[in-house]
Each structure stands twice: as C-alpha cells, then as structure tokens.
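> Contents of run.pdb (PDB, C-alpha atoms) are below:
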ATOM      1  CA  ILE A   1      16.459  19.925   9.798  1.00  0.00           C
ATOM      2  CA  GLU A   2      16.950  16.164   9.653  1.00  0.00           C
ATOM      3  CA  ALA A   3      17.223  14.398   6.316  1.00  0.00           C
ATOM      4  CA  LEU A   4      14.016  12.718   5.182  1.00  0.00           C
ATOM      5  CA  THR A   5      14.447   8.986   4.566  1.00  0.00           C
ATOM      6  CA  ALA A   6      12.046   6.353   3.228  1.00  0.00           C
ATOM      7  CA  THR A   7      12.367   2.597   3.541  1.00  0.00           C
ATOM      8  CA  GLU A   8      10.059   0.135   1.787  1.00  0.00           C
ATOM      9  CA  THR A   9       9.276  -2.642   4.273  1.00  0.00           C
ATOM     10  CA  ALA A  10       6.599  -4.445   2.216  1.00  0.00           C
ATOM     11  CA  ALA A  11       6.280  -4.597  -1.565  1.00  0.00           C
ATOM     12  CA  LEU A  12       2.951  -4.100  -3.328  1.00  0.00           C
ATOM     13  CA  ASN A  13       1.642  -7.639  -3.859  1.00  0.00           C
ATOM     14  CA  PHE A  14      -1.751  -8.469  -5.416  1.00  0.00           C
ATOM     15  CA  GLY A  15      -1.466 -12.123  -4.371  1.00  0.00           C
ATOM     16  CA  ARG A  16      -2.600 -15.206  -6.243  1.00  0.00           C
ATOM     17  CA  PHE A  17      -5.529 -15.161  -8.628  1.00  0.00           C
ATOM     18  CA  SER A  18      -6.925 -16.679 -11.795  1.00  0.00           C
ATOM     19  CA  PRO A  19      -8.050 -14.366 -14.639  1.00  0.00           C
ATOM     20  CA  GLU A  20     -10.382 -16.998 -16.159  1.00  0.00           C
ATOM     21  CA  THR A  21     -12.041 -16.230 -19.520  1.00  0.00           C
ATOM     22  CA  SER A  22     -11.984 -12.445 -19.792  1.00  0.00           C
ATOM     23  CA  GLY A  23     -10.109 -11.067 -16.776  1.00  0.00           C
ATOM     24  CA  GLY A  24     -11.061  -7.896 -14.942  1.00  0.00           C
ATOM     25  CA  GLU A  25      -9.473  -5.980 -12.096  1.00  0.00           C
ATOM     26  CA  ILE A  26      -8.033  -6.566  -8.652  1.00  0.00           C
ATOM     27  CA  THR A  27      -8.162  -3.616  -6.277  1.00  0.00           C
ATOM     28  CA  LEU A  28      -5.873  -3.649  -3.262  1.00  0.00           C
ATOM     29  CA  SER A  29      -6.612  -0.787  -0.881  1.00  0.00           C
ATOM     30  CA  PRO A  30      -4.012   0.852   1.383  1.00  0.00           C
ATOM     31  CA  ASP A  31      -5.630  -0.918   4.367  1.00  0.00           C
ATOM     32  CA  GLY A  32      -5.019  -4.329   2.737  1.00  0.00           C
ATOM     33  CA  THR A  33      -8.561  -5.050   1.540  1.00  0.00           C
ATOM     34  CA  ARG A  34      -8.543  -6.965  -1.748  1.00  0.00           C
ATOM     35  CA  ARG A  35     -11.478  -7.347  -4.144  1.00  0.00           C
ATOM     36  CA  SER A  36     -11.925  -8.409  -7.742  1.00  0.00           C
ATOM     37  CA  SER A  37     -14.240  -7.694 -10.658  1.00  0.00           C
ATOM     38  CA  GLY A  38     -14.946  -9.388 -13.961  1.00  0.00           C
ATOM     39  CA  THR A  39     -14.060 -13.083 -14.143  1.00  0.00           C
ATOM     40  CA  VAL A  40     -11.007 -12.790 -11.866  1.00  0.00           C
ATOM     41  CA  ILE A  41     -11.056 -15.350  -9.045  1.00  0.00           C
ATOM     42  CA  LEU A  42      -8.992 -14.507  -5.956  1.00  0.00           C
ATOM     43  CA  ASN A  43      -7.003 -17.465  -4.604  1.00  0.00           C
ATOM     44  CA  GLY A  44      -5.027 -17.918  -1.417  1.00  0.00           C
ATOM     45  CA  GLY A  45      -1.540 -16.667  -0.855  1.00  0.00           C
ATOM     46  CA  ASN A  46      -0.108 -13.496   0.557  1.00  0.00           C
ATOM     47  CA  TYR A  47      -1.156 -10.062  -0.642  1.00  0.00           C
ATOM     48  CA  THR A  48      -0.264  -6.712   0.838  1.00  0.00           C
ATOM     49  CA  PRO A  49      -0.194  -3.005   0.075  1.00  0.00           C
ATOM     50  CA  ALA A  50       3.259  -1.474  -0.172  1.00  0.00           C
ATOM     51  CA  VAL A  51       4.435  -0.106   3.171  1.00  0.00           C
ATOM     52  CA  PHE A  52       6.989   2.687   3.463  1.00  0.00           C
ATOM     53  CA  TYR A  53       8.450   3.942   6.738  1.00  0.00           C
ATOM     54  CA  ILE A  54       9.419   7.612   6.610  1.00  0.00           C
ATOM     55  CA  SER A  55      11.711   9.234   9.147  1.00  0.00           C
ATOM     56  CA  GLY A  56      12.795  12.825   9.573  1.00  0.00           C
ATOM     57  CA  GLN A  57      12.249  16.008  11.564  1.00  0.00           C
ATOM     58  CA  LYS A  58       9.830  15.575  14.489  1.00  0.00           C
ATOM     59  CA  ALA A  59       6.368  17.096  13.910  1.00  0.00           C
ATOM     60  CA  ALA A  60       7.185  18.074  10.309  1.00  0.00           C
ATOM     61  CA  THR A  61       4.643  17.539   7.553  1.00  0.00           C
ATOM     62  CA  VAL A  62       5.422  15.532   4.449  1.00  0.00           C
ATOM     63  CA  THR A  63       4.057  15.639   0.917  1.00  0.00           C
ATOM     64  CA  ILE A  64       3.191  12.252  -0.585  1.00  0.00           C
ATOM     65  CA  ALA A  65       3.241  12.009  -4.399  1.00  0.00           C
ATOM     66  CA  LEU A  66       1.965   8.834  -6.056  1.00  0.00           C
ATOM     67  CA  PRO A  67       2.467   7.849  -9.694  1.00  0.00           C
ATOM     68  CA  THR A  68       0.323   9.893 -12.080  1.00  0.00           C
ATOM     69  CA  ASN A  69       0.589   7.307 -14.849  1.00  0.00           C
ATOM     70  CA  SER A  70       0.120   3.567 -15.076  1.00  0.00           C
ATOM     71  CA  ALA A  71       2.947   1.181 -14.303  1.00  0.00           C
ATOM     72  CA  PHE A  72       3.342  -2.159 -16.029  1.00  0.00           C
ATOM     73  CA  ILE A  73       4.397  -5.439 -14.494  1.00  0.00           C
ATOM     74  CA  THR A  74       5.978  -8.085 -16.711  1.00  0.00           C
ATOM     75  CA  ASN A  75       5.932 -11.880 -16.608  1.00  0.00           C
ATOM     76  CA  SER A  76       9.560 -12.992 -16.295  1.00  0.00           C
ATOM     77  CA  THR A  77       8.959 -16.102 -18.416  1.00  0.00           C
ATOM     78  CA  ASN A  78       6.991 -14.849 -21.433  1.00  0.00           C
ATOM     79  CA  GLY A  79       7.063 -11.024 -21.351  1.00  0.00           C
ATOM     80  CA  LYS A  80       3.275 -10.644 -20.991  1.00  0.00           C
ATOM     81  CA  THR A  81       2.258  -7.505 -19.071  1.00  0.00           C
ATOM     82  CA  MET A  82      -0.458  -6.223 -16.742  1.00  0.00           C
ATOM     83  CA  GLU A  83      -1.257  -2.572 -16.013  1.00  0.00           C
ATOM     84  CA  VAL A  84      -1.292  -1.059 -12.516  1.00  0.00           C
ATOM     85  CA  THR A  85      -3.432   2.081 -12.108  1.00  0.00           C
ATOM     86  CA  ASP A  86      -5.507   4.116  -9.654  1.00  0.00           C
ATOM     87  CA  TRP A  87      -2.864   4.581  -6.967  1.00  0.00           C
ATOM     88  CA  LYS A  88      -4.079   5.284  -3.410  1.00  0.00           C
ATOM     89  CA  SER A  89      -2.256   5.849  -0.151  1.00  0.00           C
ATOM     90  CA  TYR A  90      -2.879   6.228   3.548  1.00  0.00           C
ATOM     91  CA  PRO A  91      -2.326   8.933   4.571  1.00  0.00           C
ATOM     92  CA  GLU A  92      -3.768  10.281   1.338  1.00  0.00           C
ATOM     93  CA  ALA A  93      -1.385  11.675  -1.242  1.00  0.00           C
ATOM     94  CA  GLY A  94      -1.067  15.448  -1.279  1.00  0.00           C
ATOM     95  CA  THR A  95       0.828  18.411   0.096  1.00  0.00           C
ATOM     96  CA  GLY A  96       1.423  18.212   3.845  1.00  0.00           C
ATOM     97  CA  ASN A  97      -0.859  15.201   4.356  1.00  0.00           C
ATOM     98  CA  GLY A  98       1.733  13.172   6.264  1.00  0.00           C
ATOM     99  CA  LEU A  99       2.776  14.111   9.802  1.00  0.00           C
ATOM    100  CA  LEU A 100       6.075  12.830  11.196  1.00  0.00           C
ATOM    101  CA  ASN A 101       4.800  11.968  14.659  1.00  0.00           C
ATOM    102  CA  ASN A 102       7.963  11.677  16.772  1.00  0.00           C
ATOM    103  CA  GLY A 103       9.843  11.832  13.470  1.00  0.00           C
ATOM    104  CA  LEU A 104       8.174   8.718  12.006  1.00  0.00           C
ATOM    105  CA  LEU A 105       5.360   7.978   9.561  1.00  0.00           C
ATOM    106  CA  ALA A 106       4.078   4.764   7.963  1.00  0.00           C
ATOM    107  CA  VAL A 107       2.591   5.161   4.464  1.00  0.00           C
ATOM    108  CA  ASN A 108       0.592   2.347   2.859  1.00  0.00           C
ATOM    109  CA  VAL A 109       0.122   2.299  -0.926  1.00  0.00           C
ATOM    110  CA  GLY A 110      -2.487   0.311  -2.855  1.00  0.00           C
ATOM    111  CA  ALA A 111      -3.574   0.262  -6.499  1.00  0.00           C
ATOM    112  CA  THR A 112      -5.709  -1.509  -9.100  1.00  0.00           C
ATOM    113  CA  LEU A 113      -4.335  -4.279 -11.314  1.00  0.00           C
ATOM    114  CA  LYS A 114      -5.925  -4.688 -14.746  1.00  0.00           C
ATOM    115  CA  VAL A 115      -5.948  -8.356 -15.677  1.00  0.00           C
ATOM    116  CA  LYS A 116      -6.635  -9.819 -19.112  1.00  0.00           C
ATOM    117  CA  SER A 117      -7.654 -13.404 -19.963  1.00  0.00           C
ATOM    118  CA  THR A 118      -5.700 -16.484 -18.898  1.00  0.00           C
ATOM    119  CA  GLU A 119      -4.182 -16.590 -22.395  1.00  0.00           C
ATOM    120  CA  ASP A 120      -3.019 -12.973 -22.204  1.00  0.00           C
ATOM    121  CA  ASN A 121      -1.885 -13.181 -18.564  1.00  0.00           C
ATOM    122  CA  PRO A 122      -0.744 -16.759 -17.942  1.00  0.00           C
ATOM    123  CA  VAL A 123       0.549 -18.113 -14.655  1.00  0.00           C
ATOM    124  CA  GLY A 124       3.884 -16.673 -13.618  1.00  0.00           C
ATOM    125  CA  ILE A 125       5.673 -14.124 -11.526  1.00  0.00           C
ATOM    126  CA  TYR A 126       5.119 -10.541 -12.666  1.00  0.00           C
ATOM    127  CA  THR A 127       7.404  -7.730 -11.513  1.00  0.00           C
ATOM    128  CA  GLY A 128       7.830  -4.033 -12.176  1.00  0.00           C
ATOM    129  CA  THR A 129       8.637  -0.680 -10.642  1.00  0.00           C
ATOM    130  CA  TYR A 130       6.887   2.561  -9.802  1.00  0.00           C
ATOM    131  CA  THR A 131       7.902   5.779  -8.064  1.00  0.00           C
ATOM    132  CA  VAL A 132       6.474   7.244  -4.866  1.00  0.00           C
ATOM    133  CA  THR A 133       7.988  10.550  -3.743  1.00  0.00           C
ATOM    134  CA  PHE A 134       8.105  11.905  -0.191  1.00  0.00           C
ATOM    135  CA  SER A 135       9.259  15.451   0.532  1.00  0.00           C
ATOM    136  CA  TYR A 136       9.085  18.109   3.223  1.00  0.00           C
ATOM    137  CA  ASN A 137       6.674  20.955   2.523  1.00  0.00           C
TER     138      ASN A 137
END
So that I can check it, write out the structure of this file as structure tokens.


Amino acid sequence: IEALTATETAALNFGRFSPETSGGEITLSPDGTRRSSGTVILNGGNYTPAVFYISGQKAATVTIALPTNSAFITNSTNGKTMEVTDWKSYPEAGTGNGLLNNGLLAVNVGATLKVKSTEDNPVGIYTGTYTVTFSYN
C-alpha cells in the first residue's frame, strides 16, 4: 500500500475585519463562505479555508480527524489572542469519509474565530497552529 501524504496548499485565513465595540465571531466554511456576527465588520482582503491535498493508494478511504479543542492565534506585536473553534471540513471529518479518487483527495477545513473588542484584539497579524490528522482506515 502506498504511503499516505498530506500537503497544505492554502492556510486557514479569516481575512481582514474590524471587531468594533464588542466583537463577535467570524465563521469561514470549508467552501469559502465567510460571515460575521456581533459587531464584527468584514473588510476586503483575501480569506480562504485551509486546503490539504492528500495522496495515497487508489480508491482507498481515509479518516479525517479535526481538532477536538480550540486553537489560539496570537498577535505577533502585543501577544493578544483569539480563539478558533467549531472545526468543519469537506469531506466531513470521520472514519472513511474521504475517498482517494485516483489516489488523490482535496480536503478543505474551515472554523469559527471568536473576536473580542478592538481593545482586546487590536490590528495586527495573528498566527497559530492546529493539527488535522489523515489516516487510512
């Protein structure tokens, strides 16, 4: 059986926004749809779900495991953080939900970003990590 490999070709990116007075949430779906709640105003700029290309044994099924806990992203200038929760993928996470059609599969991952006020989450670049696991059944 061929080794299973995964390559991230696009990083999860919630794009530009302004939290305003009390913040809220930004939800980025696996299909790239972005919406906000609370006082968060979505601005221009690029946003994208994470995209992983999986390769391995033709016609094999793959289990997709998303984070079960929150991840935190940190402002590189001031150390302020935002929480990333409610992970979703397409194909959906679960045992055997991914099919390696001709040995290949694209998996998109989205999530929800919890944003606080402008004071708590000032302008800046926020980065962090999370783990997605792909395995044969």

> Taking 4 positions as the minimum chain separation for residues in the same chain, which residues sit within 6 Å of Ile54 (chain A) when counting all atoms listed in the file? Answer as a list in words.

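Once the nearby chain positions are removed, what remains is Thr5, Ala6, Leu104 and Leu105 of chain A.
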
> Write the selection just made, keeping C-alpha atoms, as a PDB file, in the coordinates of the input?


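Contents of again-v6.pdb, freshly written:
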ATOM      1  CA  THR A   5      14.447   8.986   4.566  1.00  0.00           C
ATOM      2  CA  ALA A   6      12.046   6.353   3.228  1.00  0.00           C
ATOM      3  CA  LEU A 104       8.174   8.718  12.006  1.00  0.00           C
ATOM      4  CA  LEU A 105       5.360   7.978   9.561  1.00  0.00           C
TER       5      LEU A 105
END

> Please report the interatomic distance between CA of Asp120 (chain A) and CA of Gly32 (chain A) in Å with one decimal.

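For CA of Asp120 (chain A) relative to CA of Gly32 (chain A), the distance reads 26.5 Å.
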
> Using the chain letters and residue numbers of this document, give as an mmCIF file with C-alpha atoms, in the frame of the given file the residues selected by the PyMOL selection byres ((chain A and resi 41) around 6).


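The resulting file, result.cif, is shown below:
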data_model
loop_
_atom_site.group_PDB
_atom_site.id
_atom_site.type_symbol
_atom_site.label_atom_id
_atom_site.label_comp_id
_atom_site.auth_asym_id
_atom_site.auth_seq_id
_atom_site.Cartn_x
_atom_site.Cartn_y
_atom_site.Cartn_z
ATOM 1 C CA PHE A 17 -5.529 -15.161 -8.628
ATOM 2 C CA SER A 18 -6.925 -16.679 -11.795
ATOM 3 C CA VAL A 40 -11.007 -12.790 -11.866
ATOM 4 C CA LEU A 42 -8.992 -14.507 -5.956
#

> Given the file shown, enumerate the residues that the PyMOL selection byres ((chain A and resi 102) around 7) captures and present them as a PyMOL selection string.

chain A and resi 58-59+100-101+103-104

> Spell out the residues picked by the PyMOL selection byres ((chain A and resi 111) around 8) here, as a ChimeraX atom specification.

/A:27-30,84-88,109-110,112-113

> At most 12 Å from (20.5, 11.2, 7.5), file frame, all atoms listed in the file: which residues, as a ChimeraX atom specification?

/A:1-6,54-57

> Need to verify the contact set: Val115 (chain A), 10 Å, all atoms listed in the file, exclusion of same-chain residues closer than 2 positions in sequence. Can you return it as a PyMOL selection string?

chain A and resi 17-20+22-26+36-40+81-84+112-113+117-118+120-121

> Hey, which of A:Glu119, A:Leu99, A:Gly128, A:Ala11 ends up closest to Val51 (chain A)? Count only C-alpha atoms.

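When distances to Val51 (chain A) are compared using only C-alpha atoms, the smallest one comes from A:Ala11.
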
> With distances taken over all atoms listed in the file, which of A:Val107, A:Gly44, A:Gly94, A:Ala71 is nearest to Asp31 (chain A)?

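Of A:Val107, A:Gly44, A:Gly94, A:Ala71, the one nearest Asp31 (chain A), counting all atoms listed in the file, is A:Val107.
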
> Could you jot down the CA of Glu8 (chain A) to CA of Gly96 (chain A) separation for me, Å, one decimal place?

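Spanning CA of Glu8 (chain A) to CA of Gly96 (chain A) is a straight-line distance of 20.1 Å.
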
> For a test of reading the model, state the distance in Å between CA of Ala93 (chain A) and CA of Tyr47 (chain A), rounded to one decimal.

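Computing the Euclidean distance for CA of Ala93 (chain A) and CA of Tyr47 (chain A) yields 21.7 Å.
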
> Just want the 9 Å neighbourhood of Ile64 (chain A), counted on all atoms listed in the file, with same-chain residues fewer than 3 positions away dropped. Output as a ChimeraX atom specification.

/A:89,91-98,107,132-135

> Please write out, as lines of an AutoDock Vina configuration file, where the centre of an axis-aligned box around all listed atoms of region 83-97 of chain A lies and how long its edges are, in Å to one decimal, after adding 8 Å on each side.


center_x = -2.0
center_y = 7.9
center_z = -5.7
size_x = 22.9
size_y = 37.0
size_z = 36.6

> Taking into account all atoms listed in the file, which residue in the set A:Ala65, A:Asn75, A:Ala50, A:Arg16 is nearest to Ala106 (chain A)?

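Closest to Ala106 (chain A), using all atoms listed in the file: A:Ala50.
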
> At the level of N, CA and C atoms, write region 6-53 of chain A to a file as a tab-separated table (two decimals), in the first residue's frame, please.


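result33.tsv was written with the following content:
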chain	number	residue	atom	x	y	z
A	6	ALA	N	0.14	14.23	2.99
A	6	ALA	CA	-0.74	15.40	3.01
A	6	ALA	C	0.12	16.65	2.83
A	7	THR	N	-0.34	17.53	1.97
A	7	THR	CA	0.34	18.79	1.72
A	7	THR	C	-0.65	19.93	1.87
A	8	GLU	N	-0.33	20.90	2.73
A	8	GLU	CA	-1.20	22.07	2.88
A	8	GLU	C	-0.86	23.04	1.75
A	9	THR	N	-1.86	23.35	0.92
A	9	THR	CA	-1.63	24.26	-0.21
A	9	THR	C	-2.24	25.64	0.04
A	10	ALA	N	-3.09	25.78	1.03
A	10	ALA	CA	-3.64	27.08	1.43
A	10	ALA	C	-3.83	27.06	2.94
A	11	ALA	N	-3.38	28.11	3.60
A	11	ALA	CA	-3.53	28.21	5.05
A	11	ALA	C	-4.90	28.79	5.39
A	12	LEU	N	-5.43	28.39	6.53
A	12	LEU	CA	-6.69	28.94	7.03
A	12	LEU	C	-6.48	30.44	7.26
A	13	ASN	N	-7.32	31.26	6.63
A	13	ASN	CA	-7.15	32.71	6.69
A	13	ASN	C	-8.54	33.36	6.78
A	14	PHE	N	-8.81	34.01	7.91
A	14	PHE	CA	-10.12	34.66	8.12
A	14	PHE	C	-10.22	36.02	7.46
A	15	GLY	N	-9.15	36.52	6.88
A	15	GLY	CA	-9.17	37.78	6.15
A	15	GLY	C	-9.16	38.99	7.07
A	16	ARG	N	-9.44	40.14	6.47
A	16	ARG	CA	-9.43	41.40	7.21
A	16	ARG	C	-10.81	41.67	7.80
A	17	PHE	N	-10.79	42.28	8.99
A	17	PHE	CA	-12.04	42.61	9.65
A	17	PHE	C	-11.77	43.64	10.75
A	18	SER	N	-12.84	44.21	11.25
A	18	SER	CA	-12.75	45.14	12.38
A	18	SER	C	-13.70	44.65	13.46
A	19	PRO	N	-13.20	44.42	14.69
A	19	PRO	CA	-14.04	43.91	15.77
A	19	PRO	C	-15.07	44.91	16.27
A	20	GLU	N	-14.76	46.21	16.14
A	20	GLU	CA	-15.60	47.29	16.66
A	20	GLU	C	-15.73	47.21	18.18
A	21	THR	N	-16.89	47.57	18.73
A	21	THR	CA	-17.03	47.77	20.18
A	21	THR	C	-17.01	46.51	21.02
A	22	SER	N	-17.67	45.44	20.56
A	22	SER	CA	-17.75	44.26	21.42
A	22	SER	C	-17.33	42.96	20.74
A	23	GLY	N	-16.97	43.00	19.47
A	23	GLY	CA	-16.52	41.79	18.78
A	23	GLY	C	-17.66	40.86	18.43
A	24	GLY	N	-17.34	39.60	18.29
A	24	GLY	CA	-18.31	38.58	17.88
A	24	GLY	C	-17.59	37.38	17.31
A	25	GLU	N	-18.08	36.89	16.19
A	25	GLU	CA	-17.46	35.72	15.56
A	25	GLU	C	-17.39	35.90	14.06
A	26	ILE	N	-16.39	35.23	13.47
A	26	ILE	CA	-16.29	35.10	12.02
A	26	ILE	C	-16.29	33.61	11.73
A	27	THR	N	-17.22	33.18	10.90
A	27	THR	CA	-17.29	31.77	10.50
A	27	THR	C	-16.85	31.67	9.06
A	28	LEU	N	-15.86	30.82	8.82
A	28	LEU	CA	-15.37	30.54	7.48
A	28	LEU	C	-15.64	29.08	7.19
A	29	SER	N	-16.54	28.82	6.26
A	29	SER	CA	-16.93	27.44	5.96
A	29	SER	C	-15.91	26.78	5.05
A	30	PRO	N	-15.92	25.44	4.97
A	30	PRO	CA	-14.99	24.75	4.09
A	30	PRO	C	-15.14	25.15	2.62
A	31	ASP	N	-16.32	25.64	2.22
A	31	ASP	CA	-16.49	26.06	0.82
A	31	ASP	C	-16.04	27.50	0.58
A	32	GLY	N	-15.54	28.18	1.63
A	32	GLY	CA	-15.01	29.53	1.48
A	32	GLY	C	-16.00	30.64	1.77
A	33	THR	N	-17.19	30.30	2.24
A	33	THR	CA	-18.17	31.32	2.61
A	33	THR	C	-17.79	31.91	3.96
A	34	ARG	N	-17.79	33.24	4.04
A	34	ARG	CA	-17.41	33.92	5.28
A	34	ARG	C	-18.58	34.78	5.75
A	35	ARG	N	-18.88	34.69	7.05
A	35	ARG	CA	-19.94	35.54	7.63
A	35	ARG	C	-19.52	35.94	9.03
A	36	SER	N	-20.13	37.03	9.51
A	36	SER	CA	-19.78	37.52	10.84
A	36	SER	C	-21.02	37.71	11.68
A	37	SER	N	-20.80	37.80	13.00
A	37	SER	CA	-21.88	38.08	13.94
A	37	SER	C	-21.36	39.09	14.96
A	38	GLY	N	-22.26	39.63	15.76
A	38	GLY	CA	-21.87	40.65	16.72
A	38	GLY	C	-21.57	41.95	16.01
A	39	THR	N	-20.56	42.68	16.51
A	39	THR	CA	-20.21	43.97	15.90
A	39	THR	C	-19.06	43.85	14.91
A	40	VAL	N	-18.65	42.64	14.57
A	40	VAL	CA	-17.53	42.43	13.64
A	40	VAL	C	-17.95	42.87	12.23
A	41	ILE	N	-17.11	43.72	11.63
A	41	ILE	CA	-17.33	44.17	10.26
A	41	ILE	C	-16.28	43.51	9.38
A	42	LEU	N	-16.73	42.80	8.34
A	42	LEU	CA	-15.82	42.15	7.40
A	42	LEU	C	-15.32	43.18	6.40
A	43	ASN	N	-14.01	43.24	6.20
A	43	ASN	CA	-13.39	44.15	5.24
A	43	ASN	C	-12.85	43.34	4.08
A	44	GLY	N	-12.27	44.02	3.13
A	44	GLY	CA	-11.70	43.34	1.96
A	44	GLY	C	-10.53	42.47	2.34
A	45	GLY	N	-9.79	42.08	1.34
A	45	GLY	CA	-8.64	41.22	1.59
A	45	GLY	C	-8.96	39.77	1.31
A	46	ASN	N	-7.91	38.98	1.27
A	46	ASN	CA	-8.07	37.56	0.98
A	46	ASN	C	-8.47	36.79	2.23
A	47	TYR	N	-9.33	35.82	2.04
A	47	TYR	CA	-9.69	34.86	3.08
A	47	TYR	C	-9.90	33.53	2.39
A	48	THR	N	-9.56	32.46	3.10
A	48	THR	CA	-9.68	31.14	2.48
A	48	THR	C	-9.71	30.05	3.55
A	49	PRO	N	-10.46	28.97	3.29
A	49	PRO	CA	-10.32	27.81	4.18
A	49	PRO	C	-8.95	27.19	3.94
A	50	ALA	N	-8.49	26.40	4.87
A	50	ALA	CA	-7.27	25.63	4.66
A	50	ALA	C	-7.57	24.57	3.60
A	51	VAL	N	-6.60	24.30	2.76
A	51	VAL	CA	-6.76	23.26	1.73
A	51	VAL	C	-5.58	22.31	1.85
A	52	PHE	N	-5.90	21.03	1.99
A	52	PHE	CA	-4.90	19.97	2.06
A	52	PHE	C	-5.10	19.03	0.88
A	53	TYR	N	-4.02	18.67	0.20
A	53	TYR	CA	-4.08	17.65	-0.84
A	53	TYR	C	-3.48	16.37	-0.27
